[in-house]
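Engineer: Sharing target_20.tsv (TSV, C-alpha atoms) below.
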```tsv
chain	number	residue	atom	x	y	z
A	1	MET	CA	88.90	105.72	111.75
A	2	SER	CA	90.73	108.64	110.15
A	3	GLU	CA	93.69	106.85	108.55
A	4	GLN	CA	93.56	105.61	104.97
A	5	LEU	CA	93.86	101.84	104.94
A	6	PHE	CA	95.88	100.06	102.28
A	7	SER	CA	93.60	97.05	101.76
A	8	ILE	CA	90.70	95.06	103.18
A	9	GLY	CA	89.57	91.53	102.35
A	10	LEU	CA	86.66	89.52	103.74
A	11	GLY	CA	87.48	85.88	103.13
A	12	VAL	CA	86.78	82.22	103.66
A	13	GLY	CA	89.63	79.76	103.87
A	14	THR	CA	91.12	76.50	105.03
A	15	GLN	CA	92.87	75.68	108.30
A	16	ASN	CA	94.71	72.56	109.40
A	17	ALA	CA	93.86	70.56	112.53
A	18	LYS	CA	95.92	72.99	114.62
A	19	GLY	CA	93.85	75.94	113.48
A	20	GLU	CA	96.64	77.30	111.27
A	21	TRP	CA	95.68	78.95	107.98
A	22	LEU	CA	96.56	77.12	104.76
A	23	GLU	CA	94.86	79.47	102.27
A	24	VAL	CA	92.19	82.18	102.02
A	25	TYR	CA	89.77	83.12	99.23
A	26	TYR	CA	88.63	86.75	98.95
A	27	ALA	CA	85.65	87.23	96.64
A	28	GLN	CA	86.23	90.97	96.24
A	29	PRO	CA	89.46	92.28	97.78
A	30	LEU	CA	89.72	96.04	98.11
A	31	LEU	CA	92.64	98.40	97.52
A	32	ASN	CA	92.50	101.76	99.35
A	33	PRO	CA	88.95	101.22	100.63
A	34	SER	CA	86.73	104.21	101.37
A	35	ALA	CA	86.75	105.70	104.85
A	36	ALA	CA	83.11	104.67	105.35
A	37	LEU	CA	83.83	101.05	104.49
A	38	ALA	CA	86.96	100.98	106.64
A	39	GLU	CA	85.00	102.38	109.57
A	40	ALA	CA	82.18	99.87	109.10
A	41	VAL	CA	84.53	96.88	109.02
A	42	GLY	CA	86.86	98.13	111.75
A	43	ALA	CA	84.10	98.86	114.25
A	44	SER	CA	82.34	95.53	113.58
A	45	VAL	CA	85.39	93.31	114.08
A	46	ASN	CA	87.08	95.28	116.88
A	47	TYR	CA	90.03	96.29	114.71
A	48	GLN	CA	92.77	97.89	116.81
A	49	GLY	CA	95.03	99.20	114.06
A	50	GLY	CA	98.01	97.94	112.07
A	51	ASN	CA	97.97	94.88	109.84
A	52	GLN	CA	95.69	92.20	111.23
A	53	ALA	CA	93.95	88.98	110.18
A	54	ILE	CA	90.91	88.78	112.45
A	55	SER	CA	88.98	85.52	112.63
A	56	LEU	CA	85.24	86.05	112.26
A	57	ASP	CA	82.49	84.19	114.07
A	58	LYS	CA	78.91	83.92	112.90
A	59	GLY	CA	77.74	86.32	115.61
A	60	GLN	CA	79.73	89.18	114.08
A	61	LEU	CA	78.39	88.79	110.56
A	62	GLY	CA	74.97	90.34	111.15
A	63	THR	CA	76.54	93.44	112.70
A	64	LEU	CA	79.10	93.64	109.90
A	65	GLU	CA	76.47	93.29	107.17
A	66	ALA	CA	74.29	96.00	108.72
A	67	ALA	CA	77.25	98.37	109.07
A	68	LEU	CA	78.29	97.86	105.45
A	69	THR	CA	74.73	98.38	104.24
A	70	ALA	CA	74.45	101.61	106.24
A	71	ALA	CA	77.77	102.76	104.71
A	72	GLY	CA	76.37	102.24	101.20
A	73	GLU	CA	78.68	99.28	100.48
A	74	ALA	CA	76.09	96.91	99.00
A	75	ASP	CA	78.60	94.61	97.26
A	76	GLN	CA	80.60	93.93	100.41
A	77	ALA	CA	77.38	93.55	102.43
A	78	ALA	CA	76.25	90.87	99.96
A	79	ILE	CA	79.54	89.01	100.44
A	80	VAL	CA	79.04	89.05	104.21
A	81	ASN	CA	75.50	87.74	103.75
A	82	ALA	CA	76.90	84.84	101.72
A	83	LEU	CA	79.52	84.14	104.39
A	84	LYS	CA	76.74	83.45	106.89
A	85	THR	CA	76.17	80.06	105.25
A	86	SER	CA	79.83	79.00	105.46
A	87	SER	CA	80.98	75.97	107.39
A	88	ARG	CA	84.60	77.02	106.77
A	89	PRO	CA	86.77	79.44	108.78
A	90	LEU	CA	86.16	83.13	108.04
A	91	VAL	CA	88.57	86.06	108.28
A	92	ALA	CA	88.66	89.83	107.94
A	93	THR	CA	92.13	90.87	106.81
A	94	ILE	CA	92.90	94.55	107.27
A	95	LEU	CA	96.16	96.06	106.04
A	96	ALA	CA	96.85	99.56	107.29
A	97	THR	CA	100.14	99.71	105.38
A	98	ASP	CA	101.94	97.85	102.62
A	99	ASP	CA	104.38	96.06	104.92
A	100	ASN	CA	105.92	92.62	104.45
A	101	PRO	CA	103.15	89.99	104.57
A	102	ALA	CA	103.38	88.37	108.00
A	103	SER	CA	100.64	85.73	107.80
A	104	VAL	CA	98.83	83.48	105.33
A	105	PRO	CA	95.71	85.71	105.16
A	106	GLU	CA	97.91	88.76	104.49
A	107	GLY	CA	99.91	86.98	101.79
A	108	TYR	CA	96.83	85.64	100.04
A	109	LEU	CA	95.19	89.07	100.10
A	110	LYS	CA	98.19	90.60	98.37
A	111	LEU	CA	98.38	87.83	95.77
A	112	GLN	CA	94.71	88.30	94.97
A	113	LEU	CA	95.11	92.07	94.64
A	114	LEU	CA	97.56	91.27	91.85
A	115	SER	CA	95.39	88.70	90.09
A	116	HIS	CA	92.32	90.96	90.37
A	117	ARG	CA	94.41	93.59	88.49
A	118	LEU	CA	94.19	96.06	91.37
A	119	VAL	CA	97.98	96.40	91.45
A	120	LYS	CA	100.64	95.53	88.88
A	121	PRO	CA	103.78	93.46	89.47
A	122	HIS	CA	106.32	95.33	91.64
A	123	GLY	CA	103.46	97.55	92.79
A	124	ILE	CA	103.04	95.78	96.12
A	125	ASN	CA	105.41	94.60	98.86
A	126	LEU	CA	105.84	90.82	98.81
A	127	ASN	CA	109.11	90.64	100.75
A	128	GLY	CA	109.14	87.59	103.00
A	129	LEU	CA	106.14	86.00	101.29
A	130	PHE	CA	107.82	82.60	100.93
A	131	GLY	CA	108.40	82.41	104.65
A	132	ALA	CA	104.80	83.36	105.41
A	133	LEU	CA	103.15	80.72	103.21
A	134	PRO	CA	103.14	76.99	104.02
A	135	ASN	CA	103.75	74.23	101.51
A	136	VAL	CA	100.34	72.70	100.83
A	137	ALA	CA	98.92	69.65	99.01
A	138	TRP	CA	96.43	71.03	96.48
A	139	THR	CA	93.83	68.33	95.85
A	140	ASN	CA	90.39	67.79	94.35
A	141	LYS	CA	89.15	68.24	97.94
A	142	GLY	CA	90.96	71.54	98.40
A	143	ALA	CA	94.07	72.45	100.38
A	144	ILE	CA	95.39	69.83	102.82
A	145	ASP	CA	98.23	70.14	105.32
A	146	LEU	CA	101.08	67.86	104.27
A	147	ASP	CA	101.23	66.22	107.70
A	148	GLU	CA	97.51	65.41	107.43
A	149	LEU	CA	97.66	64.16	103.83
A	150	PRO	CA	98.32	60.43	104.50
A	151	GLU	CA	95.28	60.18	106.77
A	152	ALA	CA	93.13	62.04	104.23
A	153	GLN	CA	94.29	59.70	101.45
A	154	LEU	CA	93.48	56.64	103.53
A	155	GLN	CA	90.06	57.98	104.50
A	156	ALA	CA	89.24	58.71	100.87
A	157	ARG	CA	90.11	55.12	99.89
A	158	LEU	CA	88.01	53.74	102.72
A	159	ASN	CA	85.10	55.79	101.37
A	160	GLY	CA	85.63	54.36	97.90
A	161	GLU	CA	87.03	57.66	96.62
A	162	LEU	CA	90.32	58.86	95.14
A	163	LEU	CA	92.03	61.91	96.60
A	164	SER	CA	93.85	63.44	93.64
A	165	VAL	CA	96.91	65.51	94.60
A	166	ASP	CA	97.33	67.97	91.75
A	167	CYS	CA	100.47	69.62	93.09
A	168	VAL	CA	102.47	70.36	96.24
A	169	ASP	CA	103.35	74.03	96.36
A	170	LYS	CA	103.14	77.28	98.29
A	171	PHE	CA	101.09	78.84	95.49
A	172	PRO	CA	97.82	77.53	94.05
A	173	LYS	CA	96.70	78.08	90.50
A	174	MET	CA	95.23	81.51	89.88
A	175	THR	CA	91.98	80.36	88.29
A	176	ASN	CA	90.82	78.70	91.54
A	177	TYR	CA	90.62	82.22	92.98
A	178	VAL	CA	89.97	84.58	90.07
A	179	VAL	CA	89.52	84.41	86.29
A	180	PRO	CA	90.22	87.90	84.94
A	181	ALA	CA	87.95	89.16	82.17
A	182	GLY	CA	89.02	88.86	78.56
A	183	VAL	CA	91.74	86.19	78.81
A	184	ARG	CA	92.32	82.68	77.47
A	185	ILE	CA	94.38	80.19	79.49
A	186	ALA	CA	94.85	76.80	77.84
A	187	HIS	CA	96.43	75.07	80.87
A	188	THR	CA	95.31	76.74	84.09
A	189	ALA	CA	97.85	74.96	86.32
A	190	ARG	CA	100.60	76.95	84.60
A	191	VAL	CA	99.43	80.31	85.94
A	192	ARG	CA	100.09	80.84	89.66
A	193	LEU	CA	98.01	82.95	92.01
A	194	GLY	CA	99.58	86.39	92.10
A	195	ALA	CA	99.96	86.57	88.33
A	196	TYR	CA	98.64	89.70	86.61
A	197	ILE	CA	97.02	88.71	83.30
A	198	GLY	CA	95.96	91.73	81.25
A	199	GLU	CA	92.86	91.76	79.07
A	200	GLY	CA	93.40	90.26	75.64
A	201	THR	CA	96.14	87.87	76.78
A	202	THR	CA	96.22	84.30	75.49
A	203	ILE	CA	98.37	81.81	77.38
A	204	MET	CA	98.87	78.61	75.42
A	205	HIS	CA	99.47	75.14	76.89
A	206	GLU	CA	103.24	75.57	77.35
A	207	GLY	CA	103.00	79.18	78.54
A	208	PHE	CA	103.76	79.84	82.21
A	209	VAL	CA	103.23	82.91	84.41
A	210	ASN	CA	104.68	83.12	87.92
A	211	PHE	CA	103.44	85.27	90.81
A	212	ASN	CA	104.27	89.02	90.80
A	213	ALA	CA	104.63	88.77	87.04
A	214	GLY	CA	102.41	88.95	83.99
A	215	THR	CA	101.20	90.81	80.94
A	216	ASP	CA	99.66	94.17	80.15
A	217	GLY	CA	97.71	92.54	77.30
A	218	PRO	CA	96.93	91.91	74.57
A	219	GLY	CA	99.57	89.31	73.80
A	220	MET	CA	100.33	85.67	73.00
A	221	ILE	CA	102.31	83.77	75.64
A	222	GLU	CA	103.79	80.42	74.64
A	223	GLY	CA	106.90	80.82	76.78
A	224	ARG	CA	107.81	81.41	80.42
A	225	ILE	CA	107.23	84.64	82.33
A	226	SER	CA	109.32	84.26	85.46
A	227	ALA	CA	108.72	85.90	88.83
A	228	GLY	CA	109.00	89.69	88.65
A	229	VAL	CA	108.81	89.92	84.85
A	230	PHE	CA	106.16	92.11	83.19
A	231	VAL	CA	105.37	91.96	79.46
A	232	GLY	CA	104.04	95.04	77.67
A	233	SER	CA	101.01	95.26	75.40
A	234	GLY	CA	101.19	93.69	71.95
A	235	SER	CA	104.19	91.52	72.76
A	236	ASP	CA	104.45	87.79	72.00
A	237	LEU	CA	106.60	85.10	73.64
A	238	GLY	CA	107.19	82.22	71.25
A	239	GLY	CA	107.11	78.53	72.16
A	240	GLY	CA	109.80	77.54	74.66
A	241	SER	CA	111.06	81.09	75.14
A	242	SER	CA	112.01	82.26	78.62
A	243	THR	CA	112.66	85.33	80.72
A	244	MET	CA	115.16	85.37	83.57
A	245	GLY	CA	113.42	86.26	86.83
A	246	THR	CA	114.90	87.76	89.97
A	247	LEU	CA	114.50	84.36	91.68
A	248	SER	CA	116.51	82.52	89.03
A	249	GLY	CA	119.76	84.38	88.71
A	250	GLY	CA	118.63	87.80	87.53
A	251	GLY	CA	120.10	89.48	90.60
A	252	ASN	CA	118.87	93.01	91.13
A	253	ILE	CA	118.08	93.59	87.46
A	254	VAL	CA	114.33	93.72	86.94
A	255	ILE	CA	113.61	91.96	83.66
A	256	SER	CA	110.76	93.30	81.55
A	257	VAL	CA	109.55	93.20	77.96
A	258	GLY	CA	108.32	96.40	76.35
A	259	LYS	CA	105.46	96.94	73.93
A	260	GLU	CA	105.19	95.11	70.59
A	261	CYS	CA	108.19	92.86	71.16
A	262	LEU	CA	108.78	89.33	69.92
A	263	LEU	CA	110.79	86.58	71.59
A	264	GLY	CA	111.23	83.84	69.02
A	265	ALA	CA	110.77	80.17	69.81
A	266	ASN	CA	113.33	78.95	72.40
A	267	ALA	CA	114.79	82.45	72.75
A	268	GLY	CA	115.53	83.99	76.13
A	269	ILE	CA	116.47	87.26	77.79
A	270	GLY	CA	118.40	88.23	80.90
A	271	ILE	CA	118.06	91.97	80.24
A	272	PRO	CA	114.99	94.21	80.06
A	273	LEU	CA	113.84	95.00	76.53
A	274	GLY	CA	112.47	98.34	75.37
A	275	ASP	CA	109.63	98.63	72.86
A	276	ARG	CA	109.49	96.96	69.44
A	277	CYS	CA	112.43	94.62	70.03
A	278	THR	CA	112.93	91.17	68.49
A	279	VAL	CA	115.10	88.30	69.69
A	280	GLU	CA	115.79	85.62	67.09
A	281	SER	CA	114.59	82.08	67.72
A	282	GLY	CA	117.03	80.03	69.79
A	283	LEU	CA	119.09	83.03	70.94
A	284	TYR	CA	119.51	83.54	74.70
A	285	ILE	CA	120.87	86.92	75.72
A	286	THR	CA	122.31	87.43	79.21
A	287	ALA	CA	123.62	90.68	80.67
A	288	GLY	CA	127.21	89.70	79.86
A	289	THR	CA	126.61	88.57	76.27
A	290	LYS	CA	128.98	90.32	73.85
A	291	VAL	CA	127.00	91.94	71.08
A	292	THR	CA	128.26	93.34	67.78
A	293	MET	CA	126.37	96.58	67.09
A	294	LEU	CA	125.26	97.26	63.55
A	295	ASP	CA	123.87	100.60	62.37
A	296	ASP	CA	121.04	101.22	59.92
A	297	GLN	CA	123.39	100.40	57.03
A	298	ASN	CA	124.51	97.09	58.60
A	299	ASN	CA	127.96	98.56	59.32
A	300	VAL	CA	129.77	97.43	62.47
A	301	VAL	CA	129.98	100.29	64.99
A	302	GLU	CA	131.48	98.55	68.02
A	303	THR	CA	131.10	95.63	70.42
A	304	ALA	CA	129.05	96.13	73.57
A	305	LYS	CA	127.72	94.01	76.41
A	306	ALA	CA	124.02	93.28	76.35
A	307	ARG	CA	123.53	95.06	79.69
A	308	ASP	CA	124.47	98.32	77.90
A	309	LEU	CA	121.40	97.83	75.69
A	310	ALA	CA	118.97	97.24	78.55
A	311	GLY	CA	115.66	99.02	78.05
A	312	LYS	CA	116.52	100.42	74.62
A	313	SER	CA	113.87	100.21	71.89
A	314	ASP	CA	113.81	99.13	68.22
A	315	LEU	CA	116.52	96.47	68.46
A	316	LEU	CA	116.84	93.19	66.58
A	317	PHE	CA	119.07	90.57	68.19
A	318	ARG	CA	120.31	87.72	65.97
A	319	ARG	CA	123.16	85.25	65.68
A	320	ASN	CA	125.34	85.49	62.58
A	321	SER	CA	124.95	82.11	60.89
A	322	ALA	CA	128.47	82.27	59.44
A	323	THR	CA	130.52	83.53	62.40
A	324	GLY	CA	128.27	82.66	65.36
A	325	ALA	CA	128.60	86.21	66.70
A	326	VAL	CA	125.59	87.80	68.39
A	327	GLU	CA	124.58	90.89	66.45
A	328	CYS	CA	122.21	93.73	67.21
A	329	LEU	CA	120.69	95.78	64.41
A	330	THR	CA	119.18	99.21	64.98
A	331	ASN	CA	117.47	101.83	62.85
A	332	LYS	CA	120.02	104.46	63.89
A	333	THR	CA	123.01	105.85	62.02
A	334	ALA	CA	126.52	105.08	63.25
A	335	ILE	CA	126.79	108.50	64.92
A	336	GLU	CA	123.40	108.22	66.64
A	337	LEU	CA	124.13	104.70	67.80
A	338	ASN	CA	127.58	105.62	69.14
A	339	GLN	CA	126.20	108.60	71.04
A	340	GLU	CA	123.44	106.48	72.61
A	341	LEU	CA	125.80	103.70	73.67
A	342	HIS	CA	128.11	106.16	75.44
A	343	ALA	CA	125.50	108.57	76.81
A	344	ASN	CA	126.00	107.30	80.38
A	345	ASN	CA	129.79	106.94	80.32
```
With the file now loaded, output its structure as structure tokens.
Structural biologist:
Amino acid sequence: MSEQLFSIGLGVGTQNAKGEWLEVYYAQPLLNPSAALAEAVGASVNYQGGNQAISLDKGQLGTLEAALTAAGEADQAAIVNALKTSSRPLVATILATDDNPASVPEGYLKLQLLSHRLVKPHGINLNGLFGALPNVAWTNKGAIDLDELPEAQLQARLNGELLSVDCVDKFPKMTNYVVPAGVRIAHTARVRLGAYIGEGTTIMHEGFVNFNAGTDGPGMIEGRISAGVFVGSGSDLGGGSSTMGTLSGGGNIVISVGKECLLGANAGIGIPLGDRCTVESGLYITAGTKVTMLDDQNNVVETAKARDLAGKSDLLFRRNSATGAVECLTNKTAIELNQELHANN
């Protein structure tokens, strides 16, 4: 196999009564696997090229383990050895290219590449993911097809048990699949699979991180990181603060927070912030918000829309307590500030 593959995952998952995949767990997903590993897996599972999710039977595992061992891939060989004891469905998911995920195994592999910190948000193609993933009841007994849930609940009661349905969603919580090193997560249900949580990040009880979003770390997250939003190192999101994601009205603007920024409690942003920016508590800034620009001497320079300040560093956004006007302070002189505001005119 001469082509460089995008990703490979050897997984164990859950299927419904029709044999349809509900979810897949990959112990050690791989990004850009070596040619030797790709050859070992491809030859053992009769891979024919393209993006495929190939169901594995027990008879293939011995051949696959031997091929991986011969290729010097001891870690993946150990995973295959563990899979031999599984009573659950097994799959080898091979992605030749980073195309739209077309199946549940493909979607779950991509989400786990993110949560394993192998790719960062916006670094992988997730177009069409919602259509590829089913809505699932996530329970103390694992994933259950919604059509099969009533029967499972009844059977649990007849056995003197309680089937606890924790949530109904397309995305499970991240920590059921991977717990990245060096993080603290106070309420694990508030971090979805596909989140990227950088080392040194603390997510408090009210913090939330969506898929294809996250933090570079370190940082303190007590607010909401919406889908598509990435927060730079050293930045804090105060309690109740929020970021506008591309799925919630952000349009084509990719919202991000730079390094060493602070969103105060109950603040919010609908524009990307540069580095070392502060948004006052309770202030929500959207792209169309009119902002009075103040220079380093607190003199008014002009009025701009917040979108004109997108991505710029060293800004302090506040609301004037006397007039109610939204103000932005910078460390630049009036001339410097005016030149920067009109640089792209």
Engineer: Please identify all polymer residues within 10 Å of Asp98 (chain A), counting all atoms listed in the file, omitting same-chain residues fewer than 2 positions from it, and present them as a count of residues only.
Structural biologist: 13
Engineer: I want to know what sits within 10 Å of region 289-292 of chain A, based on all atoms listed in the file, with residues of the same chain fewer than 6 positions away left out; could you give that as an mmCIF file with C-alpha atoms, keeping the file's coordinate frame?
Structural biologist:
```
data_model
loop_
_atom_site.group_PDB
_atom_site.id
_atom_site.type_symbol
_atom_site.label_atom_id
_atom_site.label_comp_id
_atom_site.auth_asym_id
_atom_site.auth_seq_id
_atom_site.Cartn_x
_atom_site.Cartn_y
_atom_site.Cartn_z
ATOM 1 C CA GLY A 270 118.400 88.230 80.900
ATOM 2 C CA ASN A 299 127.960 98.560 59.320
ATOM 3 C CA VAL A 300 129.770 97.430 62.470
ATOM 4 C CA VAL A 301 129.980 100.290 64.990
ATOM 5 C CA GLU A 302 131.480 98.550 68.020
ATOM 6 C CA THR A 303 131.100 95.630 70.420
ATOM 7 C CA ALA A 304 129.050 96.130 73.570
ATOM 8 C CA LYS A 305 127.720 94.010 76.410
ATOM 9 C CA ALA A 306 124.020 93.280 76.350
ATOM 10 C CA ARG A 307 123.530 95.060 79.690
ATOM 11 C CA ASP A 308 124.470 98.320 77.900
ATOM 12 C CA LEU A 309 121.400 97.830 75.690
ATOM 13 C CA PHE A 317 119.070 90.570 68.190
ATOM 14 C CA ARG A 318 120.310 87.720 65.970
ATOM 15 C CA ARG A 319 123.160 85.250 65.680
ATOM 16 C CA ASN A 320 125.340 85.490 62.580
ATOM 17 C CA ALA A 325 128.600 86.210 66.700
ATOM 18 C CA VAL A 326 125.590 87.800 68.390
ATOM 19 C CA GLU A 327 124.580 90.890 66.450
ATOM 20 C CA CYS A 328 122.210 93.730 67.210
ATOM 21 C CA LEU A 329 120.690 95.780 64.410
#
```
Engineer: Select, from A:Phe130, A:Phe171, A:Tyr26, A:Phe230, the residue with the minimum atom-to-atom distance to Lys259 (chain A), counting only C-alpha atoms.
Structural biologist: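 So, comparing all the options, the nearest one is A:Phe230.
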Engineer: In Å, with one decimal, what is the gap from CA of Leu283 (chain A) to CA of Gly238 (chain A)?
Structural biologist: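 Pair CA of Leu283 (chain A) / CA of Gly238 (chain A) returns 11.9 Å.
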Engineer: What is the distance, in Å and to one decimal place, between CA of Asn135 (chain A) and CA of Leu22 (chain A)?
Structural biologist: 8.4 Å
Engineer: Do you have the CA of Asn176 (chain A)-CA of Ile221 (chain A) distance handy?
Structural biologist: 20.3 Å
Engineer: Around (89.9, 89.6, 96.2), as given in the file, which residues come within 6 Å? Count all atoms listed in the file and list them as a ChimeraX atom specification.
Structural biologist: /A:26-29,112-113
Engineer: Can you tell me, as AutoDock Vina command-line options, the centre and edge lengths (Å, one decimal) of the axis-aligned box enclosing all of region 97-103 of chain A's listed atoms after padding each side by 8 Å?
Structural biologist:
```
--center_x 103.0 --center_y 92.7 --center_z 105.3 --size_x 21.8 --size_y 30.0 --size_z 21.4
```
Engineer: Excluding Asn46 (chain A) and its own-chain neighbours fewer than 3 positions away, which residues fall within 12 Å of it when counting all atoms listed in the file? Please give them as a count of residues only.
Structural biologist: 18
Engineer: I'd like to know which of A:Gly128, A:Pro121, A:Gly13, A:Pro89 is closest to Gly198 (chain A), using all atoms listed in the file.
Structural biologist: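 That would be A:Pro121, the residue with the smallest distance to Gly198 (chain A).
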Engineer: Where does region 83-202 of chain A meet region 210-215 of chain A within 10 Å, residue by residue, with the nearest atom pair and distance in Å to one decimal for each, counting only C-alpha atoms, listed by chain and rising number, as a Markdown table?
Structural biologist:
```
| residue | atom | partner | partner_atom | distance |
| --- | --- | --- | --- | --- |
| A:Lys110 | CA | A:Asn212 | CA | 9.8 |
| A:Leu111 | CA | A:Phe211 | CA | 7.5 |
| A:Leu114 | CA | A:Asn212 | CA | 7.2 |
| A:Ser115 | CA | A:Phe211 | CA | 8.8 |
| A:Val119 | CA | A:Asn212 | CA | 9.7 |
| A:Lys120 | CA | A:Asn212 | CA | 7.7 |
| A:Pro121 | CA | A:Asn212 | CA | 4.7 |
| A:His122 | CA | A:Asn212 | CA | 6.7 |
| A:Gly123 | CA | A:Asn212 | CA | 8.8 |
| A:Ile124 | CA | A:Asn212 | CA | 8.7 |
| A:Asn125 | CA | A:Asn212 | CA | 9.9 |
| A:Leu126 | CA | A:Asn212 | CA | 8.4 |
| A:Phe171 | CA | A:Phe211 | CA | 8.3 |
| A:Lys173 | CA | A:Asn210 | CA | 9.8 |
| A:Met174 | CA | A:Phe211 | CA | 9.1 |
| A:Arg190 | CA | A:Asn210 | CA | 8.1 |
| A:Val191 | CA | A:Asn210 | CA | 6.3 |
| A:Arg192 | CA | A:Asn210 | CA | 5.4 |
| A:Leu193 | CA | A:Phe211 | CA | 6.0 |
| A:Gly194 | CA | A:Phe211 | CA | 4.2 |
| A:Ala195 | CA | A:Phe211 | CA | 4.5 |
| A:Tyr196 | CA | A:Gly214 | CA | 4.7 |
| A:Ile197 | CA | A:Thr215 | CA | 5.2 |
| A:Gly198 | CA | A:Thr215 | CA | 5.3 |
| A:Glu199 | CA | A:Thr215 | CA | 8.6 |
| A:Gly200 | CA | A:Thr215 | CA | 9.4 |
| A:Thr201 | CA | A:Thr215 | CA | 7.2 |
| A:Thr202 | CA | A:Thr215 | CA | 9.8 |
```
Engineer: Please produce a file of those selected residues containing C-alpha atoms, as a short mmCIF file (atom, residue, chain, number, x, y, z; two decimals), keeping the file's coordinate frame.
Structural biologist:
```cif
data_model
loop_
_atom_site.label_atom_id
_atom_site.label_comp_id
_atom_site.auth_asym_id
_atom_site.auth_seq_id
_atom_site.Cartn_x
_atom_site.Cartn_y
_atom_site.Cartn_z
CA LYS A 110 98.19 90.60 98.37
CA LEU A 111 98.38 87.83 95.77
CA LEU A 114 97.56 91.27 91.85
CA SER A 115 95.39 88.70 90.09
CA VAL A 119 97.98 96.40 91.45
CA LYS A 120 100.64 95.53 88.88
CA PRO A 121 103.78 93.46 89.47
CA HIS A 122 106.32 95.33 91.64
CA GLY A 123 103.46 97.55 92.79
CA ILE A 124 103.04 95.78 96.12
CA ASN A 125 105.41 94.60 98.86
CA LEU A 126 105.84 90.82 98.81
CA PHE A 171 101.09 78.84 95.49
CA LYS A 173 96.70 78.08 90.50
CA MET A 174 95.23 81.51 89.88
CA ARG A 190 100.60 76.95 84.60
CA VAL A 191 99.43 80.31 85.94
CA ARG A 192 100.09 80.84 89.66
CA LEU A 193 98.01 82.95 92.01
CA GLY A 194 99.58 86.39 92.10
CA ALA A 195 99.96 86.57 88.33
CA TYR A 196 98.64 89.70 86.61
CA ILE A 197 97.02 88.71 83.30
CA GLY A 198 95.96 91.73 81.25
CA GLU A 199 92.86 91.76 79.07
CA GLY A 200 93.40 90.26 75.64
CA THR A 201 96.14 87.87 76.78
CA THR A 202 96.22 84.30 75.49
#
```
Engineer: Taking all atoms listed in the file into account, which of A:Arg117, A:Ala137, A:Ala265, A:Tyr284 comes nearest Asp216 (chain A)?
Structural biologist: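 Under the stated criterion, the closest residue is A:Arg117.
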Engineer: Which residue, A:Leu61, A:Lys18, A:Pro33, A:Leu10, has the smallest gap to Val91 (chain A) when you use only C-alpha atoms?
Structural biologist: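 The answer is A:Leu10, which sits nearest to Val91 (chain A).
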Engineer: Which polymer residues have any atom within 9 Å of an atom of Asn81 (chain A), counting all atoms listed in the file, with same-chain residues fewer than 5 positions away left out, as a list in words?
Structural biologist: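 Listing them by chain and then by number gives Leu61, Gly62, Glu65 and Gln76 of chain A.
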Engineer: Taking all atoms listed in the file into account, name the residue in A:Gly245, A:Leu30, A:Gly311, A:Thr286 that is nearest to Pro272 (chain A).
Structural biologist: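 So, comparing all the options, the nearest one is A:Gly311.
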Engineer: Looking at all atoms listed in the file, which of A:Gly72, A:Gly240, A:Gly234, A:Gly268 is the one that sits closest to Leu37 (chain A)?
Structural biologist: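 Between A:Gly72, A:Gly240, A:Gly234, A:Gly268, the residue approaching Leu37 (chain A) most closely is A:Gly72.
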